[in-house]
Structure formats: C-alpha cells, structure tokens
>>> print(open('entry02.txt').read())   # compact mmCIF, C-alpha atoms
# COMPACT_ATOMS: atom_id res chain seq x y z
CA MET A 3 -11.13 -20.94 -4.06
CA GLU A 4 -11.58 -18.63 -7.06
CA ILE A 5 -8.24 -17.74 -8.66
CA HIS A 6 -7.47 -14.87 -11.04
CA ILE A 7 -4.25 -15.27 -13.04
CA ASN A 8 -2.79 -12.74 -15.46
CA LYS A 9 0.47 -11.85 -17.19
CA THR A 10 1.13 -8.41 -18.65
CA GLU A 11 1.75 -8.21 -22.38
CA GLN A 12 5.04 -7.24 -24.00
CA GLY A 13 5.43 -3.49 -24.22
CA THR A 14 3.26 -2.69 -21.20
CA LYS A 15 4.39 0.55 -19.57
CA SER A 16 1.48 1.24 -17.27
CA TYR A 17 -1.50 -0.47 -15.74
CA PRO A 18 -4.47 1.71 -14.74
CA MET A 19 -5.43 2.28 -11.12
CA HIS A 20 -7.87 -0.38 -9.99
CA LYS A 21 -8.78 -2.51 -6.98
CA HIS A 22 -10.04 -5.99 -6.17
CA GLU A 23 -12.06 -7.58 -3.43
CA TYR A 24 -9.35 -10.21 -3.00
CA TYR A 25 -5.63 -10.35 -2.30
CA GLU A 26 -3.31 -10.08 -5.29
CA ILE A 27 0.31 -11.21 -5.54
CA MET A 28 2.44 -9.65 -8.29
CA MET A 29 5.78 -11.18 -9.32
CA TYR A 30 7.86 -8.84 -11.52
CA LEU A 31 9.82 -10.66 -14.23
CA LYS A 32 11.07 -7.68 -16.25
CA GLY A 33 11.50 -3.92 -15.94
CA SER A 34 11.46 -1.43 -13.10
CA GLY A 35 9.16 1.32 -11.94
CA VAL A 36 6.66 2.00 -9.20
CA MET A 37 3.48 0.42 -7.99
CA ARG A 38 1.17 3.37 -7.35
CA THR A 39 -1.18 2.92 -4.40
CA GLU A 40 -3.37 5.15 -2.28
CA ASN A 41 -0.79 4.50 0.45
CA GLY A 42 2.07 5.82 -1.70
CA ASN A 43 4.41 4.46 -4.36
CA ILE A 44 6.23 1.13 -4.00
CA PRO A 45 9.33 0.73 -6.20
CA PHE A 46 9.72 -2.52 -8.13
CA SER A 47 12.41 -4.18 -10.22
CA VAL A 48 13.10 -7.67 -11.51
CA GLY A 49 12.42 -10.10 -8.66
CA THR A 50 10.14 -7.82 -6.65
CA ILE A 51 7.06 -9.46 -5.16
CA ILE A 52 4.18 -7.28 -4.00
CA LEU A 53 1.17 -8.46 -2.01
CA MET A 54 -1.79 -6.10 -2.45
CA PRO A 55 -4.66 -6.27 0.09
CA PRO A 56 -8.33 -6.18 -0.93
CA GLY A 57 -9.87 -2.81 -1.69
CA MET A 58 -6.54 -1.04 -2.20
CA LEU A 59 -6.29 1.15 -5.33
CA HIS A 60 -3.12 0.29 -7.24
CA GLY A 61 -1.52 0.35 -10.68
CA SER A 62 1.99 -0.21 -12.07
CA LEU A 63 3.99 2.43 -13.95
CA SER A 64 7.33 2.06 -15.76
CA ASP A 65 9.38 4.39 -17.96
CA ASP A 66 10.15 1.55 -20.36
CA GLU A 67 8.12 -1.63 -19.94
CA PHE A 68 7.48 -4.27 -17.35
CA ILE A 69 6.20 -7.81 -17.20
CA ASN A 70 4.60 -9.33 -14.16
CA ILE A 71 2.52 -12.33 -13.27
CA SER A 72 -0.39 -11.57 -10.96
CA VAL A 73 -2.30 -14.12 -8.92
CA GLY A 74 -5.47 -13.03 -7.16
CA SER A 75 -7.51 -14.97 -4.63
CA ASP A 76 -8.71 -14.93 -1.04
CA PHE A 77 -5.89 -17.48 -0.46
CA GLU A 78 -8.02 -19.35 2.07
CA ASN A 79 -7.34 -16.77 4.81
CA HIS A 80 -3.55 -17.00 4.54
CA PHE A 81 -3.22 -13.20 4.73
CA TYR A 82 -4.58 -10.53 7.04
CA THR A 83 -2.50 -7.46 6.19
CA GLN A 84 -4.33 -4.27 5.26
CA ILE A 85 -1.25 -2.58 3.79
CA PRO A 86 0.82 -3.66 0.76
CA ILE A 87 3.85 -5.85 1.42
CA SER A 88 6.86 -5.93 -0.90
CA PHE A 89 10.14 -7.82 -0.87
CA GLN A 90 12.71 -9.28 -3.25
CA ASP A 91 12.62 -12.91 -4.32
CA ASN A 92 15.30 -15.11 -2.76
CA GLU A 93 18.46 -16.27 -4.52
CA ASP A 94 16.79 -19.53 -5.54
CA GLU A 95 14.01 -17.54 -7.25
CA GLU A 96 11.33 -19.58 -5.51
CA GLY A 97 8.77 -16.84 -6.06
CA LYS A 98 9.48 -16.68 -9.79
CA ILE A 99 9.30 -20.45 -10.11
CA LEU A 100 5.98 -20.65 -8.27
CA ALA A 101 4.44 -17.72 -10.17
CA SER A 102 5.57 -19.18 -13.50
CA LEU A 103 4.16 -22.60 -12.59
CA ILE A 104 0.83 -21.04 -11.65
CA TYR A 105 0.65 -19.13 -14.93
CA LYS A 106 1.74 -22.14 -16.99
CA ASN A 107 -0.91 -24.30 -15.34
CA ARG A 108 -3.67 -21.67 -15.20
CA HIS A 109 -5.95 -23.96 -17.21
CA SER A 110 -5.12 -27.05 -15.18
CA SER A 111 -7.32 -28.65 -12.55
CA GLU A 112 -8.58 -26.48 -9.70
CA VAL A 113 -7.05 -28.86 -7.16
CA TYR A 114 -3.56 -28.54 -8.65
CA LEU A 115 -3.87 -24.76 -8.88
CA PHE A 116 -5.05 -24.64 -5.28
CA TYR A 117 -1.87 -26.41 -4.12
CA LEU A 118 0.35 -24.17 -6.24
CA CYS A 119 -1.33 -21.01 -4.91
CA SER A 120 -1.11 -22.29 -1.33
CA ALA A 121 2.62 -22.88 -1.83
CA PHE A 122 2.98 -19.35 -3.23
CA ALA A 123 1.11 -17.88 -0.25
CA ASN A 124 3.20 -19.89 2.22
CA TYR A 125 6.40 -18.69 0.54
CA ILE A 126 5.30 -15.10 1.15
CA LEU A 127 4.30 -15.88 4.72
CA ASP A 128 7.69 -17.50 5.37
CA ASN A 129 9.40 -14.35 4.13
CA ASP A 130 7.13 -12.20 6.26
CA ARG A 131 7.86 -14.33 9.33
CA ARG A 132 11.60 -13.77 8.80
CA GLU A 133 10.87 -10.08 9.15
CA GLY A 134 8.10 -10.64 11.66
CA VAL A 135 9.50 -8.48 14.45
CA ILE A 136 10.05 -5.49 12.17
CA SER A 137 6.65 -6.02 10.54
CA GLU A 138 4.96 -5.98 13.94
CA CYS A 139 6.81 -2.81 14.91
CA VAL A 140 5.73 -1.07 11.73
CA LYS A 141 2.16 -2.31 12.15
CA ARG A 142 2.06 -1.04 15.73
CA ILE A 143 3.40 2.39 14.72
CA ALA A 144 0.87 2.60 11.86
CA GLU A 145 -1.93 1.74 14.29
CA GLN A 146 -0.74 4.32 16.82
CA ILE A 147 -0.63 7.00 14.13
CA SER A 148 -4.06 6.00 12.81
CA GLU A 149 -5.67 5.98 16.25
CA ASN A 150 -4.28 9.41 17.18
CA ALA A 151 -4.17 11.06 13.76
CA PHE A 152 -6.54 13.89 14.65
CA ASP A 153 -4.77 14.78 17.88
CA SER A 154 -2.89 18.04 17.26
CA ASN A 155 -0.35 16.97 19.90
CA ILE A 156 0.47 13.63 18.27
CA ASN A 157 4.12 12.68 18.84
CA ILE A 158 5.34 10.37 16.10
CA LYS A 159 8.91 10.43 17.46
CA SER A 160 7.69 8.76 20.64
CA TYR A 161 6.12 5.93 18.62
CA LEU A 162 9.37 5.42 16.70
CA ALA A 163 11.41 5.49 19.91
CA GLY A 164 9.03 2.96 21.48
CA SER A 165 9.94 0.38 18.84
CA GLY A 166 13.27 -0.35 20.51
CA TYR A 167 15.17 0.48 17.30
CA SER A 168 16.91 3.69 16.31
CA GLU A 169 14.51 6.28 14.92
CA ASP A 170 16.27 6.45 11.55
CA TYR A 171 16.24 2.66 11.14
CA ILE A 172 12.59 2.07 12.05
CA ARG A 173 11.56 5.11 9.97
CA ALA A 174 13.31 3.54 6.95
CA CYS A 175 11.61 0.20 7.67
CA PHE A 176 8.26 1.96 7.93
CA LYS A 177 8.74 3.57 4.52
CA GLU A 178 9.91 0.31 2.98
CA LYS A 179 6.80 -1.54 4.13
CA THR A 180 4.16 1.16 3.67
CA GLY A 181 5.64 3.23 0.86
CA LYS A 182 5.45 6.35 3.04
CA THR A 183 7.33 8.06 5.83
CA PRO A 184 5.45 8.12 9.15
CA MET A 185 4.71 11.83 8.62
CA ASP A 186 3.38 11.22 5.09
CA PHE A 187 1.27 8.38 6.48
CA LEU A 188 -0.22 10.78 9.03
CA SER A 189 -0.77 13.51 6.43
CA ASP A 190 -2.64 11.15 4.11
CA ILE A 191 -5.00 10.09 6.90
CA ARG A 192 -5.65 13.70 7.87
CA ILE A 193 -6.15 15.05 4.35
CA ASN A 194 -8.38 12.14 3.33
CA HIS A 195 -10.51 12.87 6.39
CA ALA A 196 -10.56 16.56 5.50
CA ARG A 197 -11.85 15.71 2.03
CA PHE A 198 -14.57 13.58 3.61
CA LEU A 199 -15.60 16.37 5.95
CA ILE A 200 -15.71 18.91 3.13
CA ASP A 201 -17.75 16.56 0.95
CA ILE A 202 -20.28 15.80 3.70
CA TYR A 203 -20.27 18.81 6.03
CA LYS A 204 -19.19 21.72 3.81
CA ASN A 205 -22.32 23.67 4.80
CA HIS A 206 -21.89 23.00 8.51
CA PHE A 207 -18.18 23.60 9.19
CA SER A 208 -15.79 26.27 8.01
CA LEU A 209 -12.51 25.17 6.47
CA ALA A 210 -10.70 26.35 9.60
CA GLU A 211 -12.97 24.14 11.72
CA ILE A 212 -12.36 21.19 9.40
CA ALA A 213 -8.61 21.75 9.63
CA GLU A 214 -8.85 21.69 13.42
CA LYS A 215 -10.96 18.51 13.40
CA CYS A 216 -8.20 16.86 11.34
CA GLY A 217 -5.47 17.78 13.84
CA TYR A 218 -4.17 21.00 12.29
CA THR A 219 -3.87 24.13 14.44
CA ASP A 220 -2.27 26.14 11.61
CA TYR A 221 -4.70 26.67 8.71
CA VAL A 222 -1.95 27.85 6.34
CA TYR A 223 -0.02 24.62 6.93
CA PHE A 224 -3.22 22.59 6.50
CA SER A 225 -3.92 24.34 3.18
CA LYS A 226 -0.36 23.63 2.01
CA LYS A 227 -0.59 19.90 2.87
CA PHE A 228 -4.05 19.66 1.32
CA LYS A 229 -2.81 21.12 -1.97
CA GLU A 230 0.21 18.80 -1.97
CA LYS A 231 -2.08 15.80 -1.60
CA VAL A 232 -5.12 16.80 -3.67
CA GLY A 233 -3.61 19.19 -6.20
CA ILE A 234 -5.86 22.14 -5.36
CA SER A 235 -6.46 24.27 -2.27
CA PRO A 236 -9.19 23.28 0.18
CA MET A 237 -11.09 26.42 -0.78
CA LEU A 238 -11.16 25.42 -4.48
CA TYR A 239 -12.00 21.85 -3.50
CA LYS A 240 -14.97 23.10 -1.49
CA LYS A 241 -16.16 25.27 -4.38
CA ASP A 242 -15.89 22.36 -6.82
CA SER A 243 -17.97 20.18 -4.50
CA LEU A 244 -20.84 22.66 -4.25
>>> encode(input="entry02.txt", output="structure tokens")
Amino acid sequence: MEIHINKTEQGTKSYPMHKHEYYEIMMYLKGSGVMRTENGNIPFSVGTIILMPPGMLHGSLSDDEFINISVGSDFENHFYTQIPISFQDNEDEEGKILASLIYKNRHSSEVYLFYLCSAFANYILDNDRREGVISECVKRIAEQISENAFDSNINIKSYLAGSGYSEDYIRACFKEKTGKTPMDFLSDIRINHARFLIDIYKNHFSLAEIAEKCGYTDYVYFSKKFKEKVGISPMLYKKDSL
C-alpha cells in the first residue's frame, strides 16, 4: 500500500487546487477556512477531518494560516465514497492522535505505517457508520438528482420528502456532507454538462438547444446560472471556445 504523508508548513494560507488518484485524509491542527472543491466549499477549523475521494479537485484556503496533516493512499479498499466527507474529531482527539502518529512515523517500516493508516481509516469509517442512516439518505438524494438532472420537471422537494426527515433538516444534512444545497448540486451538474456540450457540439446545437438538453426551459435563467458558475455568459464562453 503506497502512502503519501505531508504536513503544511508554518504560515501556509492556501494550497493550490489539485487532485490525486487515491483517497486523501486531512486532519486540521490549526486555523480555519474552507476546503475548495469542484463540489463546493467545505468549511474547516481545528479538529476538522476531511476525506477527499480520488479525482476530486481540491485546495485549502484560509484568511490567516492553517496547518494540516494529510495522508493519502488507496487504504486497501476501506472507502467507496465519491463525494468528500467531513466531520469533527471526537473529544478524545483520536483523529489528531492517529494523524500525528502517522506523520511522526512516516519514515518507519511500511508494516507499522500500514497498521496506523488502517486504524485511521477505521476511525473514519466508525464515525461514518454512526451517521450511516443520514449518509445513505444524502447519497440516495444525490443519486436521484444526478440521474434526473436533465429532466426539466425534476422535483427535488419530493426526493427530500422521501427521506423520512423534515425537508429543512435533510437539506441541511445534504449541504453539510456535500458542501452544496440540493439545488446548487443540481445546477453544477447541469452547467458542467452545458460546458461539455458547448465544447464538443458548439457547431451542431444552438445555445437554446443546449440549455434545453440540460433541463432548462428558460434560456434567460440558464444564462444567469451559467454566468454564476463559470463567470461569463454562455455566449461569451462559446465564442472563447471557437
């Protein structure tokens, strides 16, 4: 099991957007800020633990400075999540202790590091199991939104109501676990698909047709959401891609 271990230097305020082909666990020891991801921002503070899935663009940002220990590996198939997971370390600071032990022993034998990393992964899994029901509800809602994202009649409220929890509560849980509201989650899927269609089929479909293929019946609203996400209008985006 290949293991990548790192600790940010004193004075670090930001870490550039990047991604890995393995899972990465980040334990924050100092500072507060946000973990930027393509799925939205995840707030962090002292004691926050974030599990980042493979292939996910991410990078930390703080107004002052932050220190974290990151441990990257495939973790022998401990994890299967495709969205970031974040939670606070417990009162006994088990996560901090394990992360610190891993960093302290980063040059030790591979066998010892393997056991430490397995313990770290199991600690995260234990926490996730405690919230297993909520996690499954959020996962199911995310899947429902993803599968029906381009349906102009999609009804997110029905997915929230189907969770068995109040809409406000499960919406808050969804945002906590994904970094986005359900509507923002939907918008990101749609706008990312619109960008793909413009990049590939700009000479075959009009922008109005692309908007419709992404689930938007109102082009003005589509243009507004596109600009919010991308920073420029779809028309300018299409011109820049020519």
>>> residues_around(input="entry02.txt", residues="Lys182 (chain A)", least_positions_apart="5", cutoff="8 Å", atoms="only C-alpha atoms", output="PDB file with C-alpha atoms, in the frame of the given file")
ATOM      1  CA  ASN A  41      -0.790   4.500   0.450  1.00  0.00           C
ATOM      2  CA  GLY A  42       2.070   5.820  -1.700  1.00  0.00           C
ATOM      3  CA  ASN A  43       4.410   4.460  -4.360  1.00  0.00           C
ATOM      4  CA  PHE A 176       8.260   1.960   7.930  1.00  0.00           C
ATOM      5  CA  LYS A 177       8.740   3.570   4.520  1.00  0.00           C
ATOM      6  CA  PHE A 187       1.270   8.380   6.480  1.00  0.00           C
TER       7      PHE A 187
END
>>> residues_around(input="entry02.txt", residues="Asn107 (chain A)", least_positions_apart="4", cutoff="12 Å", atoms="all atoms listed in the file", output="ChimeraX atom specification")
/A:5,7-8,100-103,111-119
>>> residues_around(input="entry02.txt", residues="Leu59 (chain A)", least_positions_apart="5", cutoff="10 Å", atoms="all atoms listed in the file", output="PyMOL selection string")
chain A and resi 18-22+38-41+54
>>> atom_distance(input="entry02.txt", atom1="CA of Glu26 (chain A)", atom2="CA of Asn129 (chain A)")
16.4 Å
>>> residues_around(input="entry02.txt", residues="Ser189 (chain A)", least_positions_apart="4", cutoff="9 Å", atoms="all atoms listed in the file", output="JSON, numbers by chain")
{"A": [151, 184, 185, 193, 194, 227, 228, 231]}
>>> decode(input="entry02.txt", residues="region 150-218 of chain A", atoms="C-alpha atoms", output="short mmCIF file (atom, residue, chain, number, x, y, z; two decimals), in the first residue's frame")
data_model
loop_
_atom_site.label_atom_id
_atom_site.label_comp_id
_atom_site.auth_asym_id
_atom_site.auth_seq_id
_atom_site.Cartn_x
_atom_site.Cartn_y
_atom_site.Cartn_z
CA ASN A 150 -32.73 13.03 -13.33
CA ALA A 151 -30.67 16.21 -13.62
CA PHE A 152 -31.63 16.93 -17.23
CA ASP A 153 -35.35 16.43 -16.68
CA SER A 154 -36.96 19.88 -16.74
CA ASN A 155 -39.69 18.54 -14.42
CA ILE A 156 -37.30 17.29 -11.74
CA ASN A 157 -38.83 17.62 -8.27
CA ILE A 158 -36.13 17.90 -5.63
CA LYS A 159 -38.70 18.50 -2.88
CA SER A 160 -40.10 15.03 -3.47
CA TYR A 161 -36.64 13.50 -3.00
CA LEU A 162 -36.17 15.40 0.26
CA ALA A 163 -39.63 14.39 1.47
CA GLY A 164 -38.90 10.76 0.60
CA SER A 165 -36.04 10.68 3.10
CA GLY A 166 -38.44 10.44 6.03
CA TYR A 167 -36.93 13.55 7.65
CA SER A 168 -38.17 17.13 7.55
CA GLU A 169 -37.15 18.94 4.37
CA ASP A 170 -35.18 21.61 6.24
CA TYR A 171 -33.26 19.03 8.27
CA ILE A 172 -32.28 16.73 5.40
CA ARG A 173 -31.45 19.77 3.23
CA ALA A 174 -29.04 20.95 5.95
CA CYS A 175 -27.54 17.44 6.19
CA PHE A 176 -27.14 17.37 2.42
CA LYS A 177 -25.23 20.65 2.46
CA GLU A 178 -23.08 19.54 5.39
CA LYS A 179 -21.99 16.37 3.60
CA THR A 180 -21.68 17.65 0.02
CA GLY A 181 -20.85 21.31 0.57
CA LYS A 182 -23.86 22.32 -1.55
CA THR A 183 -27.60 22.71 -1.28
CA PRO A 184 -29.57 20.19 -3.36
CA MET A 185 -30.39 22.96 -5.85
CA ASP A 186 -26.73 24.00 -6.14
CA PHE A 187 -25.82 20.34 -6.61
CA LEU A 188 -28.30 20.13 -9.49
CA SER A 189 -27.10 23.41 -11.02
CA ASP A 190 -23.48 22.27 -11.00
CA ILE A 191 -24.35 19.05 -12.82
CA ARG A 192 -26.39 20.93 -15.41
CA ILE A 193 -23.88 23.72 -16.03
CA ASN A 194 -20.93 21.32 -16.22
CA HIS A 195 -22.88 19.35 -18.83
CA ALA A 196 -23.67 22.56 -20.69
CA ARG A 197 -19.97 23.41 -20.83
CA PHE A 198 -19.27 19.94 -22.21
CA LEU A 199 -21.93 20.30 -24.87
CA ILE A 200 -20.65 23.73 -25.90
CA ASP A 201 -17.07 22.45 -26.06
CA ILE A 202 -17.97 19.42 -28.17
CA TYR A 203 -21.13 20.34 -30.08
CA LYS A 204 -20.98 24.14 -30.40
CA ASN A 205 -21.33 23.86 -34.18
CA HIS A 206 -24.25 21.44 -34.01
CA PHE A 207 -26.55 22.87 -31.32
CA SER A 208 -27.66 26.39 -30.56
CA LEU A 209 -27.27 27.66 -27.00
CA ALA A 210 -31.04 27.44 -26.56
CA GLU A 211 -30.93 23.78 -27.61
CA ILE A 212 -28.06 23.12 -25.21
CA ALA A 213 -29.99 24.79 -22.39
CA GLU A 214 -32.95 22.53 -23.10
CA LYS A 215 -30.76 19.42 -23.19
CA CYS A 216 -29.50 20.37 -19.71
CA GLY A 217 -33.02 20.66 -18.27
CA TYR A 218 -33.63 24.39 -18.66
#
